[in-house]
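S.K.: Quick one: this structure, given as structure tokens, is what I'll be asking you about.
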Amino acid sequence: MNKYFQIFKISFQEEFAYKINFVMWRVRNVFQIIVTYYLWDTIFSSPGRQVFGYDRAKIMTYIFALMIVRSIVLSARAVDVSSDVAEGNLSNYLIRPMSYFKYWFTRDVASKVLNLFFAAGEFMILFIILRPPFFFQTNIYVFLSFLIAIVLAVLIYFSLLFIISAVPFWAPELGWGSQFLVIIVMLEFLSGAVFPIDILPGIYQKIIMSLPFPYMIFFPVQVYLGKITGMPLIQGFVISTAWAVALYLAMRYVWGKGLKEYQAFGR
């Protein structure tokens, strides 16, 4: 346990070693929130207006909650795993007395803690400047459900990221391309990071909600807003748990196969 605590501390310090990358990641998130804010602010400009089951307070809460949820779920150092495989650096970790998965999960946690700290500061600054109406969840059971949804979201994203990062075992040149397609393109649109999934027609909602993506962003935020309760909440937890387990097992299987193909190119 102590070695992973040391990894956490070192990883936390390393976040400051790449200041430009960290700053650009934070700027990107803030810029995305501002653009989304003004888009929905225009739609809900009329007092008392409701669209897609949202009033002004809840849609603004959804937008600002994205800042916090994204910082917890989508901030991950494990995006570098594919380069370890493609460049042969994976060999340096395989000979060490530790779990490669636990190593990167610990690094991810360090990244999430730091990003959450900055996201909270950005949240307060934008909240003071823009002064949006905001829905504060006071039901302790709903808030606990929200935290459970966040934990499941983190586990889903971690496993999915590792599965994608295994692509270089067979095609070293496709590491970044696969990450771009799944993480930046599919995840952004299908997770609810750009718009709430429930504004889409019912058939598309059902298709998307059967995938793992909305359980990383949309589902936790909806739980916080109190829009998913009772049986739909239980169903959501069952599906997200099933995806977390299925993706974890898939991750172990894919990596087991990949390690048999690994030839440490570049070493």
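Ordering of the structure tokens sets the chain letters (A, B, ...), residue numbers begin anew at 1 in every chain, and ligands are numbered from 1 in the order given.
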Which residues of segment 70-166 of chain A come within 9 Å of segment 35-59 of chain A, and for each one, what is the closest pair of atoms and their distance in Å to one decimal, counting only C-alpha atoms, sorted by chain and residue number, as a tab-separated table?

M.R.:
residue	atom	partner	partner_atom	distance
A:Pro132	CA	A:Ala57	CA	7.5
A:Pro133	CA	A:Ala57	CA	4.7
A:Phe134	CA	A:Ala57	CA	5.1
A:Phe135	CA	A:Ala57	CA	5.9

S.K.: What does the file look like for those residues with N, CA and C atoms, as a PDB file, in the first residue's frame?

M.R.:
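Written out: result34.pdb:
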ATOM      1  N   PRO A 132     -25.384  32.314 -12.455  1.00  0.00           N
ATOM      2  CA  PRO A 132     -26.505  31.521 -12.996  1.00  0.00           C
ATOM      3  C   PRO A 132     -27.398  31.009 -11.866  1.00  0.00           C
ATOM      4  N   PRO A 133     -28.666  30.756 -12.157  1.00  0.00           N
ATOM      5  CA  PRO A 133     -29.496  30.072 -11.156  1.00  0.00           C
ATOM      6  C   PRO A 133     -28.955  28.658 -10.979  1.00  0.00           C
ATOM      7  N   PHE A 134     -28.965  28.167  -9.767  1.00  0.00           N
ATOM      8  CA  PHE A 134     -28.335  26.869  -9.509  1.00  0.00           C
ATOM      9  C   PHE A 134     -29.195  26.056  -8.563  1.00  0.00           C
ATOM     10  N   PHE A 135     -29.303  24.767  -8.870  1.00  0.00           N
ATOM     11  CA  PHE A 135     -30.087  23.848  -8.046  1.00  0.00           C
ATOM     12  C   PHE A 135     -29.144  23.097  -7.116  1.00  0.00           C
TER      13      PHE A 135
END

S.K.: What's the 9 Å shell around Asp80 of chain A, counting only C-alpha atoms, without same-chain residues fewer than 4 positions away, as a ChimeraX atom specification?

M.R.: /A:76,84,165

S.K.: So that I have them on file, write out the residues from the current selection with N, CA and C atoms, as a JSON list (two decimals), in the first residue's frame.

M.R.:
[["chain", "number", "residue", "atom", "x", "y", "z"],
["A", 76, "ALA", "N", -7.33, 11.82, -16.60],
["A", 76, "ALA", "CA", -6.67, 10.51, -16.41],
["A", 76, "ALA", "C", -5.29, 10.53, -17.04],
["A", 84, "ASP", "N", 3.34, 3.96, -24.02],
["A", 84, "ASP", "CA", 4.22, 2.98, -23.35],
["A", 84, "ASP", "C", 4.31, 1.70, -24.18],
["A", 165, "SER", "N", -6.07, 1.59, -25.18],
["A", 165, "SER", "CA", -4.61, 1.69, -25.14],
["A", 165, "SER", "C", -3.92, 0.39, -25.53]]

S.K.: I'd like the neighbourhood of Ser191 of chain A as a list in words, where a residue qualifies if any of its atoms comes within 7 Å (using only C-alpha atoms), though same-chain residues fewer than 5 positions away should be ignored.

M.R.: Phe213, Pro214, Tyr215, Met216, Ile217 and Phe218 of chain A

S.K.: Could you write out that same residue set with C-alpha atoms as a CSV table (one decimal), in the first residue's frame?

M.R.:
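Final output, saved to result.csv:
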chain,number,residue,atom,x,y,z
A,213,PHE,CA,-20.7,6.4,-22.5
A,214,PRO,CA,-23.7,8.1,-20.8
A,215,TYR,CA,-22.9,6.5,-17.5
A,216,MET,CA,-19.7,8.5,-17.3
A,217,ILE,CA,-21.3,12.0,-17.5
A,218,PHE,CA,-25.0,12.2,-18.2

S.K.: Tell me which of A:Asp198, A:Glu173, A:Glu188, A:Asp108 sits closest to Gln222 of chain A, counting only C-alpha atoms.

M.R.: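 Answer, going by the shortest atom-to-atom distance: A:Asp198.
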
S.K.: In Å, how far is it from atom CA of Ala119 of chain A to atom CA of Ser71 of chain A?

M.R.: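 Spanning atom CA of Ala119 of chain A to atom CA of Ser71 of chain A is a straight-line distance of 6.5 Å.
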